[in-house]
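Dropping start_33.cif in here (mmCIF, C-alpha atoms):
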data_input
loop_
_atom_site.label_atom_id
_atom_site.label_comp_id
_atom_site.auth_asym_id
_atom_site.auth_seq_id
_atom_site.Cartn_x
_atom_site.Cartn_y
_atom_site.Cartn_z
CA MET A 1 -18.33 136.86 119.64
CA ARG A 2 -19.45 133.51 120.95
CA ARG A 3 -16.79 131.27 122.46
CA GLN A 4 -16.32 128.05 120.49
CA SER A 5 -17.39 124.92 122.31
CA ARG A 6 -14.80 122.49 123.50
CA ARG A 7 -14.45 118.81 124.13
CA TYR A 8 -12.33 117.07 126.73
CA LEU A 9 -10.65 113.76 125.95
CA ALA A 10 -9.18 111.32 128.45
CA LEU A 11 -6.15 109.57 127.01
CA ARG A 12 -4.37 106.45 128.13
CA ILE A 13 -0.68 106.61 127.26
CA ALA A 14 0.68 103.13 126.61
CA SER A 15 4.45 103.18 126.51
CA GLU A 16 7.38 101.28 127.95
CA VAL A 17 8.59 104.53 129.54
CA ALA A 18 6.03 107.07 130.75
CA PRO A 19 6.75 110.42 129.04
CA SER A 20 7.01 113.73 130.88
CA ARG A 21 4.17 116.24 130.68
CA GLU A 22 6.13 118.53 128.33
CA LYS A 23 7.11 115.70 125.99
CA LEU A 24 3.57 114.39 125.86
CA SER A 25 2.14 117.82 125.15
CA SER A 26 4.60 118.52 122.35
CA GLU A 27 4.15 115.04 120.86
CA ILE A 28 0.36 115.40 120.67
CA GLU A 29 0.77 118.79 119.04
CA ASN A 30 3.37 117.40 116.60
CA SER A 31 1.04 114.55 115.58
CA LEU A 32 -1.70 117.02 114.81
CA ARG A 33 0.76 119.23 112.93
CA LYS A 34 2.06 116.26 110.91
CA PHE A 35 -1.36 115.30 109.59
CA PHE A 36 -3.23 118.61 109.51
CA GLY A 37 -0.51 121.27 109.43
CA GLU A 38 -0.04 124.48 111.37
CA TYR A 39 -3.58 125.57 110.57
CA GLY A 40 -4.86 122.35 112.14
CA VAL A 41 -2.97 123.00 115.37
CA LEU A 42 -4.38 126.51 115.45
CA GLU A 43 -7.95 125.47 114.72
CA ALA A 44 -7.94 122.55 117.13
CA SER A 45 -7.02 124.85 120.07
CA LEU A 46 -5.30 121.94 121.71
CA ARG A 47 -4.30 122.00 125.37
CA LEU A 48 -3.08 119.38 127.80
CA ILE A 49 -5.20 120.00 130.88
CA ALA A 50 -4.02 117.28 133.21
CA TYR A 51 -1.60 114.39 133.26
CA ASP A 52 -1.17 111.68 135.85
CA LEU A 53 2.26 110.16 135.35
CA GLU A 54 1.52 107.17 137.59
CA LYS A 55 -1.71 106.12 135.92
CA THR A 56 -0.54 107.41 132.54
CA ILE A 57 -3.88 109.08 131.94
CA ALA A 58 -4.05 112.58 130.48
CA ILE A 59 -6.91 114.98 129.82
CA VAL A 60 -6.71 117.00 126.62
CA ARG A 61 -8.96 119.84 125.52
CA CYS A 62 -9.76 120.64 121.90
CA SER A 63 -12.32 122.37 119.74
CA HIS A 64 -15.46 120.22 119.37
CA GLN A 65 -15.09 120.32 115.57
CA TRP A 66 -11.66 118.74 115.79
CA VAL A 67 -12.38 115.72 117.99
CA GLU A 68 -12.51 113.27 115.07
CA ARG A 69 -9.31 114.57 113.51
CA LEU A 70 -7.52 114.69 116.85
CA ARG A 71 -8.55 111.07 117.51
CA ALA A 72 -7.15 110.07 114.10
CA ALA A 73 -3.88 111.93 114.70
CA LEU A 74 -3.53 110.27 118.12
CA ALA A 75 -4.28 106.85 116.64
CA LEU A 76 -1.51 107.34 114.09
CA THR A 77 1.03 108.32 116.75
CA THR A 78 3.63 105.61 117.26
CA ARG A 79 6.35 107.29 119.31
CA VAL A 80 6.44 109.56 122.33
CA SER A 81 9.82 110.92 123.48
CA GLU A 82 11.83 108.44 121.39
CA HIS A 83 10.01 105.40 122.77
CA GLN A 84 7.41 103.31 121.03
CA ALA A 85 4.00 104.33 122.37
CA ALA A 86 0.30 104.31 121.68
CA LEU A 87 -2.32 106.87 122.69
CA PHE A 88 -5.87 105.67 123.27
CA VAL A 89 -8.86 107.88 123.82
CA LEU A 90 -10.72 106.37 126.77
CA ARG A 91 -13.59 108.84 126.91
CA SER A 92 -14.62 112.22 125.57
CA ALA A 93 -17.03 114.70 127.12
CA GLY A 94 -18.16 118.31 126.95
CA THR A 95 -16.98 119.23 130.44
CA ILE A 96 -14.20 118.09 132.74
CA ALA A 97 -16.77 117.11 135.37
CA ALA A 98 -18.60 114.85 132.91
CA LEU A 99 -15.32 113.31 131.86
CA GLU A 100 -14.36 112.63 135.48
CA ARG A 101 -17.77 111.07 136.11
CA ALA A 102 -17.37 108.82 133.06
CA LEU A 103 -13.90 107.79 134.14
CA SER A 104 -15.05 107.06 137.67
CA VAL A 105 -17.83 104.81 136.37
CA ASN A 106 -15.19 102.80 134.54
CA ASN A 107 -13.02 102.78 137.67
CA TYR A 108 -9.85 103.90 135.99
CA SER A 109 -8.18 105.00 139.21
CA ARG A 110 -6.76 102.07 141.04
CA ASP A 111 -6.30 103.48 144.54
CA LYS A 112 -8.79 103.09 147.38
CA ARG A 113 -10.25 106.59 147.22
CA PRO A 114 -13.43 107.02 145.22
CA ALA A 115 -12.38 107.31 141.60
CA SER A 116 -13.98 110.71 141.08
CA ASP A 117 -12.01 112.12 144.05
CA SER A 118 -8.70 111.00 142.68
CA MET A 119 -9.37 112.29 139.16
CA SER A 120 -10.53 115.64 140.55
CA ARG A 121 -7.33 115.79 142.54
CA LEU A 122 -5.44 115.01 139.35
CA THR A 123 -7.03 117.85 137.40
CA ARG A 124 -6.61 120.28 140.33
CA LEU A 125 -2.95 119.47 140.76
CA SER A 126 -2.09 119.64 137.11
CA ARG A 127 -3.70 122.95 136.27
CA MET B 1 -24.69 100.83 123.08
CA LYS B 2 -22.41 99.80 120.22
CA ARG B 3 -20.73 96.40 120.28
CA PHE B 4 -17.17 97.07 119.23
CA VAL B 5 -15.17 94.39 117.49
CA ASP B 6 -11.54 94.02 116.47
CA LEU B 7 -11.41 91.08 114.11
CA HIS B 8 -7.68 91.10 113.59
CA LEU B 9 -5.46 90.68 116.63
CA ARG B 10 -2.26 88.71 116.14
CA PRO B 11 -1.11 87.93 119.68
CA PRO B 12 2.41 86.50 120.04
CA ILE B 13 1.33 83.09 121.35
CA GLN B 14 4.77 82.19 122.73
CA ASP B 15 4.78 85.35 124.87
CA VAL B 16 2.05 84.93 127.49
CA LYS B 17 2.73 88.27 129.23
CA ALA B 18 2.39 90.25 126.02
CA THR B 19 -0.77 88.36 125.14
CA GLU B 20 -2.22 89.07 128.60
CA LYS B 21 -1.44 92.75 128.15
CA MET B 22 -3.20 92.75 124.78
CA ALA B 23 -6.21 91.06 126.35
CA SER B 24 -6.48 93.53 129.22
CA LEU B 25 -6.06 96.48 126.86
CA ALA B 26 -8.77 95.13 124.54
CA ALA B 27 -11.10 94.85 127.53
CA GLU B 28 -10.21 98.38 128.67
CA MET B 29 -10.98 99.73 125.21
CA GLU B 30 -14.43 98.16 125.51
CA PHE B 31 -14.20 95.67 122.71
CA ARG B 32 -16.84 93.01 123.00
CA LEU B 33 -15.42 90.51 120.54
CA VAL B 34 -11.92 89.97 119.18
CA GLY B 35 -10.69 87.87 116.30
CA LEU B 36 -7.52 86.00 117.25
CA THR B 37 -5.31 85.20 114.30
CA PHE B 38 -3.34 81.98 114.33
CA ALA B 39 -0.99 80.41 111.80
CA THR B 40 -2.20 77.13 110.35
CA GLY B 41 0.53 75.14 112.13
CA VAL B 42 -0.33 76.31 115.67
CA SER B 43 -1.40 73.50 118.00
CA ARG B 44 -4.91 73.29 119.40
CA GLU B 45 -3.58 73.65 122.97
CA ALA B 46 -1.72 76.87 122.17
CA ARG B 47 -4.83 78.27 120.52
CA LEU B 48 -6.98 77.34 123.52
CA THR B 49 -4.50 78.90 125.98
CA THR B 50 -4.43 82.17 124.06
CA THR B 51 -8.20 82.21 123.66
CA ARG B 52 -8.65 81.63 127.41
CA LEU B 53 -6.48 84.66 128.22
CA PHE B 54 -8.89 86.85 126.26
CA GLU B 55 -12.02 85.15 127.57
CA ASP B 56 -10.80 85.67 131.15
CA GLN B 57 -11.06 89.41 130.46
CA GLY B 58 -14.72 89.00 129.52
CA LEU B 59 -14.18 89.14 125.76
CA GLU B 60 -15.84 86.95 123.19
CA THR B 61 -13.39 85.43 120.74
CA ALA B 62 -13.34 84.09 117.21
CA SER B 63 -10.42 82.20 115.69
CA ARG B 64 -9.09 83.50 112.42
CA VAL B 65 -6.57 82.61 109.77
CA ASP B 66 -4.97 84.85 107.14
CA LEU B 67 -4.21 83.40 103.72
CA TYR B 68 -1.65 84.94 101.37
CA PRO B 69 -2.13 82.92 98.16
CA LYS B 70 -0.06 83.69 95.08
CA ASP B 71 -2.52 82.22 92.61
CA ARG B 72 -5.99 80.75 92.25
CA ASN B 73 -5.01 77.10 92.82
CA GLN B 74 -3.13 77.88 95.99
CA LEU B 75 -6.14 79.76 97.34
CA LEU B 76 -8.58 76.95 96.57
CA LYS B 77 -6.28 74.35 98.14
CA SER B 78 -5.77 76.45 101.30
CA LEU B 79 -9.49 77.13 101.63
CA LYS B 80 -10.24 73.43 101.55
CA GLU B 81 -7.75 72.84 104.36
CA VAL B 82 -8.47 75.74 106.73
CA ARG B 83 -12.19 76.42 106.40
CA PRO B 84 -13.31 73.73 108.87
CA LEU B 85 -10.67 74.77 111.42
CA PHE B 86 -11.25 78.52 111.84
CA ASP B 87 -14.22 80.81 112.48
CA ILE B 88 -12.99 83.51 110.13
CA VAL B 89 -10.95 83.13 106.95
CA ALA B 90 -9.32 86.24 105.49
CA VAL B 91 -7.56 86.39 102.14
CA GLU B 92 -5.03 88.90 100.88
CA CYS B 93 -5.80 89.91 97.31
CA SER B 94 -2.44 90.20 95.63
CA ALA B 95 -3.51 89.41 92.06
CA LYS B 96 -6.58 89.66 89.86
CA GLN B 97 -7.08 85.88 89.69
CA VAL B 98 -6.94 85.63 93.51
CA SER B 99 -9.34 88.50 94.09
CA SER B 100 -11.91 87.20 91.60
CA ILE B 101 -12.14 83.96 93.63
CA ALA B 102 -11.85 85.61 97.04
CA PHE B 103 -14.75 87.98 96.37
CA ARG B 104 -16.98 85.16 95.10
CA ASP B 105 -16.15 82.08 97.17
CA ARG B 106 -18.50 81.60 100.14
CA ARG B 107 -15.72 80.10 102.24
CA VAL B 108 -13.94 83.46 102.33
CA ASP B 109 -15.15 85.88 105.02
CA LEU B 110 -12.90 88.88 104.55
CA VAL B 111 -10.55 90.20 101.91
CA PHE B 112 -7.76 92.66 102.45
CA PHE B 113 -5.19 94.50 100.36
CA SER B 114 -1.59 95.12 101.29
CA LEU B 115 -0.34 98.69 101.50
CA ASP B 116 3.07 97.48 100.31
CA ARG B 117 2.01 96.83 96.72
CA PRO B 118 1.49 100.28 95.23
CA LYS B 119 1.35 98.96 91.67
CA LEU B 120 -1.80 96.94 92.28
CA LYS B 121 -4.89 98.95 91.44
CA ILE B 122 -7.68 98.30 93.92
CA GLY B 123 -10.28 99.53 91.45
CA GLU B 124 -9.35 96.71 89.08
CA LEU B 125 -9.10 94.02 91.75
CA ALA B 126 -12.40 94.64 93.49
CA PRO B 127 -15.67 93.75 91.76
CA ARG B 128 -18.35 96.35 91.24
CA ARG B 129 -20.72 94.88 93.81
CA SER B 130 -20.08 92.18 96.37
CA LYS B 131 -21.19 91.32 99.88
CA ARG B 132 -17.68 90.31 100.87
CA PRO B 133 -16.30 92.87 103.33
CA VAL B 134 -12.95 94.50 102.67
CA GLU B 135 -10.77 94.78 105.74
CA PHE B 136 -8.61 97.76 106.52
CA ASN B 137 -5.83 97.22 109.07
CA VAL B 138 -4.68 100.32 110.94
CA ALA B 139 -1.42 98.57 111.93
CA ASP B 140 -0.42 98.45 108.25
CA LEU B 141 -0.11 102.22 108.40
CA LEU B 142 2.06 102.10 111.51
CA LYS B 143 4.25 99.18 110.45
CA ASP B 144 7.56 100.99 110.07
CA GLY B 145 7.16 103.00 113.26
CA PHE B 146 5.94 106.05 111.37
CA VAL B 147 3.15 106.84 108.94
CA SER B 148 4.51 107.38 105.46
CA GLU B 149 2.84 109.52 102.85
CA SER B 150 2.73 106.65 100.35
CA SER B 151 0.95 104.29 102.76
CA LEU B 152 -1.57 107.02 103.62
CA ARG B 153 -2.22 107.59 99.92
CA ARG B 154 -2.62 103.85 99.33
CA ALA B 155 -4.95 103.52 102.35
CA SER B 156 -7.01 106.42 101.09
CA SER B 157 -7.32 104.80 97.65
CA ILE B 158 -8.52 101.54 99.27
CA ILE B 159 -11.17 103.44 101.22
CA TRP B 160 -12.27 105.39 98.15
CA SER B 161 -12.44 102.33 95.90
CA THR B 162 -14.36 100.17 98.36
CA GLY B 163 -16.64 103.03 99.32
CA GLY B 164 -17.27 103.89 95.68
CA LYS B 165 -18.10 100.28 94.79
CA HIS B 166 -20.46 99.93 97.78
CA LEU B 167 -18.43 97.12 99.31
CA PRO B 168 -18.77 96.65 103.06
CA ILE B 169 -15.73 97.81 105.05
CA VAL B 170 -14.39 96.33 108.26
CA ALA B 171 -11.70 98.13 110.23
CA SER B 172 -9.32 96.18 112.43
CA SER B 173 -6.12 96.93 114.24
CA GLY B 174 -4.03 94.04 112.82
CA ALA B 175 -1.93 94.43 115.96
CA THR B 176 0.95 92.07 116.67
CA GLY B 177 1.62 93.71 120.04
CA TRP B 178 -0.13 95.89 122.61
CA LEU B 179 1.46 99.09 121.30
CA LEU B 180 -0.08 98.56 117.87
CA MET B 181 -3.62 98.17 119.22
CA ARG B 182 -6.03 101.04 118.73
CA GLY B 183 -9.42 101.89 120.22
CA PRO B 184 -12.57 101.29 118.15
CA LYS B 185 -13.55 104.94 117.83
CA ASP B 186 -9.94 105.86 117.07
CA MET B 187 -9.91 103.39 114.18
CA ALA B 188 -13.22 104.80 112.97
CA ALA B 189 -11.73 108.31 113.15
CA VAL B 190 -8.82 107.19 110.95
CA LEU B 191 -11.28 105.83 108.38
CA ALA B 192 -13.31 109.04 108.53
CA VAL B 193 -10.21 111.16 107.98
CA LEU B 194 -9.27 108.95 105.02
CA GLY B 195 -12.58 109.70 103.34
CA LEU B 196 -15.28 107.38 104.69
CA ASP B 197 -18.42 108.96 106.09
CA THR B 198 -18.67 108.86 109.89
CA ALA B 199 -21.66 106.49 110.11
CA ARG B 200 -20.01 103.90 107.85
CA ALA B 201 -16.71 104.32 109.70
CA LEU B 202 -18.42 103.52 113.02
CA ASP B 203 -20.23 100.58 111.45
CA ALA B 204 -16.86 99.27 110.25
CA VAL B 205 -15.76 98.74 113.86
CA SER B 206 -19.09 97.60 115.28
CA GLY B 207 -22.08 96.37 113.25
CA ALA B 208 -20.32 94.94 110.19
CA PRO B 209 -17.63 92.87 111.96
CA PHE B 210 -20.00 91.83 114.76
CA SER B 211 -22.62 90.40 112.42
CA LEU B 212 -19.92 88.63 110.40
CA ALA B 213 -18.39 87.02 113.49
CA GLN B 214 -21.78 86.13 114.99
CA GLU B 215 -22.92 84.48 111.77
CA ASN B 216 -19.74 82.42 111.51
CA LEU B 217 -19.78 81.40 115.17
CA GLU B 218 -23.38 80.21 114.75
CA LYS B 219 -22.40 78.25 111.64
CA ARG B 220 -19.66 76.46 113.55
CA GLY B 221 -21.99 75.78 116.49
CA PRO B 222 -23.49 72.32 117.14
CA ARG B 223 -27.04 73.36 116.16
CA PHE B 224 -26.27 74.61 112.68
CA ILE B 225 -27.26 72.39 109.74
CA SER B 226 -27.39 74.73 106.77
CA ASP B 227 -28.35 78.32 106.02
CA GLY B 228 -31.77 78.83 107.64
CA ILE B 229 -31.87 75.32 109.13
CA GLU B 230 -30.82 74.55 112.70
CA ILE B 231 -31.56 71.97 115.36
CA VAL B 232 -34.11 73.37 117.80
CA ARG B 233 -34.51 70.27 119.95
CA SER B 234 -32.40 67.16 119.70
CA GLN B 235 -34.92 64.83 121.44
CA VAL B 236 -38.59 64.60 120.54
#
Using the file provided, produce a representation of the structure as structure tokens.
Amino acid sequence: MRRQSRRYLALRIASEVAPSREKLSSEIENSLRKFFGEYGVLEASLRLIAYDLEKTIAIVRCSHQWVERLRAALALTTRVSEHQAALFVLRSAGTIAALERALSVNNYSRDKRPASDSMSRLTRLSR
Amino acid sequence: MKRFVDLHLRPPIQDVKATEKMASLAAEMEFRLVGLTFATGVSREARLTTTRLFEDQGLETASRVDLYPKDRNQLLKSLKEVRPLFDIVAVECSAKQVSSIAFRDRRVDLVFFSLDRPKLKIGELAPRRSKRPVEFNVADLLKDGFVSESSLRRASSIIWSTGGKHLPIVASSGATGWLLMRGPKDMAAVLAVLGLDTARALDAVSGAPFSLAQENLEKRGPRFISDGIEIVRSQV
């Protein structure tokens, strides 16, 4: 059986208090469940790949057929761990490497290292 | 590359920090043009200060006013007053007599329907064919801090009615703060989930609002005389 193709989404978490990795993961899953049900969560094969608490950027993986619906569910999310929050999709790509490249072009990391280095470090550490 | 537009930002003009945050977030989300909504009583200086905060982030801006008329006369009176002062004029259609003017009058740029009036039937308010775009605000769905089933149903009926009557759709955030802002493709995804086809949903956050804003900004420019007539050279 052929493995289903996946998409990787980089999210910016805008909130007054940065949520923990566990809270963020469960909140994303809950949003999807709220709008598309248990079957949606199953079909989307959602997984939080990486999360940088300082930069409040996360990388989420999902089935390529569910990108649109996941984007909608994230857009309709208003709270993360009891605080008002918003989740924005910054970029989406077919591989983590492509996503990191896209993020580095936009210079999302604010430290002095090359952006791609710091995002790679982020994904390595969080796995 | 698509030129993304959010025609409905309502920055809190007395709170400069919050406005700055909205501006930087709009730039980060790769909007090219934003519509800044002001109340009619706001001073010119306050409008300029807010506009400058957004322009400093590299965004183009258009000033906008929202009208909430209760009847036909109130709408016509308000239009006469505000049309020369703002780039974009949007009207909430709360009654049949308001919507029949709003969809026809050339001074109106956008019409929108409230999600809080479930008894109003969009199918009856909107004409069969019109070039006036209908605006859908994502923040209306998020207003109470959660998305209710009734507001989703109402939003879906707006999308279906406007789509079915071939009216142009514009999607905006309608954000009053940075936490209510949403990315352009995220707003398009919401429209797509509510029943609009993907191409039209993407056009609702790019082509449709951009051409509307561009056209209005040109009209308010110094070279514009009338439709199809503009000053090419002022000295012969």
Should the cut-off be 9 Å, what would the residue list for chain A against chain B look like, counting only C-alpha atoms, as JSON, numbers by chain?
{"A": [14, 15, 67, 68, 69, 70, 71, 72, 73, 74, 75, 76, 77, 78, 79, 84, 85, 86, 87, 88, 89, 90, 106]}
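Counting only C-alpha atoms, Gln74 in chain B has the following residues at most 12 Å away, ignoring those fewer than 3 positions along the same chain: B:Leu67, B:Tyr68, B:Pro69, B:Lys70, B:Asp71, B:Lys77, B:Ser78, B:Leu79, B:Lys80, B:Glu81, B:Val91, B:Gln97, B:Val98, B:Ile101, B:Ala102.
Put simply, the PyMOL selection byres ((chain A and resi 41-53) around 7) on this file hits A:Ala18, A:Arg21, A:Ser25, A:Glu29, A:Leu32, A:Arg33, A:Gly37, A:Glu38, A:Tyr39, A:Gly40, A:Glu54, A:Lys55, A:Thr56, A:Ile57, A:Ala58, A:Ile59, A:Val60, A:Arg61, A:Cys62, A:Ser63, A:Trp66, A:Leu122, A:Thr123, A:Ser126, A:Arg127.
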Given the file above and the PyMOL selection byres ((chain B and resi 177) around 9), which residues are selected, and can you give them as a PyMOL selection string?
chain B and resi 9-12+18-19+21-22+175-176+178-181
Using the chain letters and numbers from the file, give me the residues hit by the PyMOL selection byres ((chain A and resi 93) around 12), as an NGL selection string.
:A and (5-10 or 59-64 or 67 or 89-92 or 94-103)
Can you tell me, as a list in words, what residues are no more than 12 Å from Pro222 in chain B when counting only C-alpha atoms, ignoring any on the same chain fewer than 3 positions away?
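Selected residues are Leu217, Glu218, Lys219, Ile225, Ser226, Ile229, Glu230, Ile231, Val232, Arg233 and Ser234 of chain B.
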Saved selection, atoms kept: C-alpha atoms, as a compact mmCIF listing (two decimals), keeping the file's coordinate frame:
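Result written to again.txt:
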# COMPACT_ATOMS: atom_id res chain seq x y z
CA LEU B 217 -19.78 81.40 115.17
CA GLU B 218 -23.38 80.21 114.75
CA LYS B 219 -22.40 78.25 111.64
CA ILE B 225 -27.26 72.39 109.74
CA SER B 226 -27.39 74.73 106.77
CA ILE B 229 -31.87 75.32 109.13
CA GLU B 230 -30.82 74.55 112.70
CA ILE B 231 -31.56 71.97 115.36
CA VAL B 232 -34.11 73.37 117.80
CA ARG B 233 -34.51 70.27 119.95
CA SER B 234 -32.40 67.16 119.70
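Atom pair CA of Ser114 in chain B / CA of Ser31 in chain A has a distance of 24.3 Å (rounded to one decimal).
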In Å, with one decimal, what is the gap from CA of Pro133 in chain B to CA of Ser172 in chain B?
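Computing it gives 11.9 Å between the two atoms.
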Neighbour list for Thr51 in chain B as a PyMOL selection string, cut-off 10 Å, all atoms listed in the file, skip fewer than 3 positions in-chain:
chain B and resi 11+13+19+23+34-36+45-48+54-56+59-63
If we count only C-alpha atoms, what is near Lys23 in chain A at a cut-off of 10 Å, once residues fewer than 4 positions away on the same chain are taken out, given as a ChimeraX atom specification?
/A:18-19,27-29,80-82
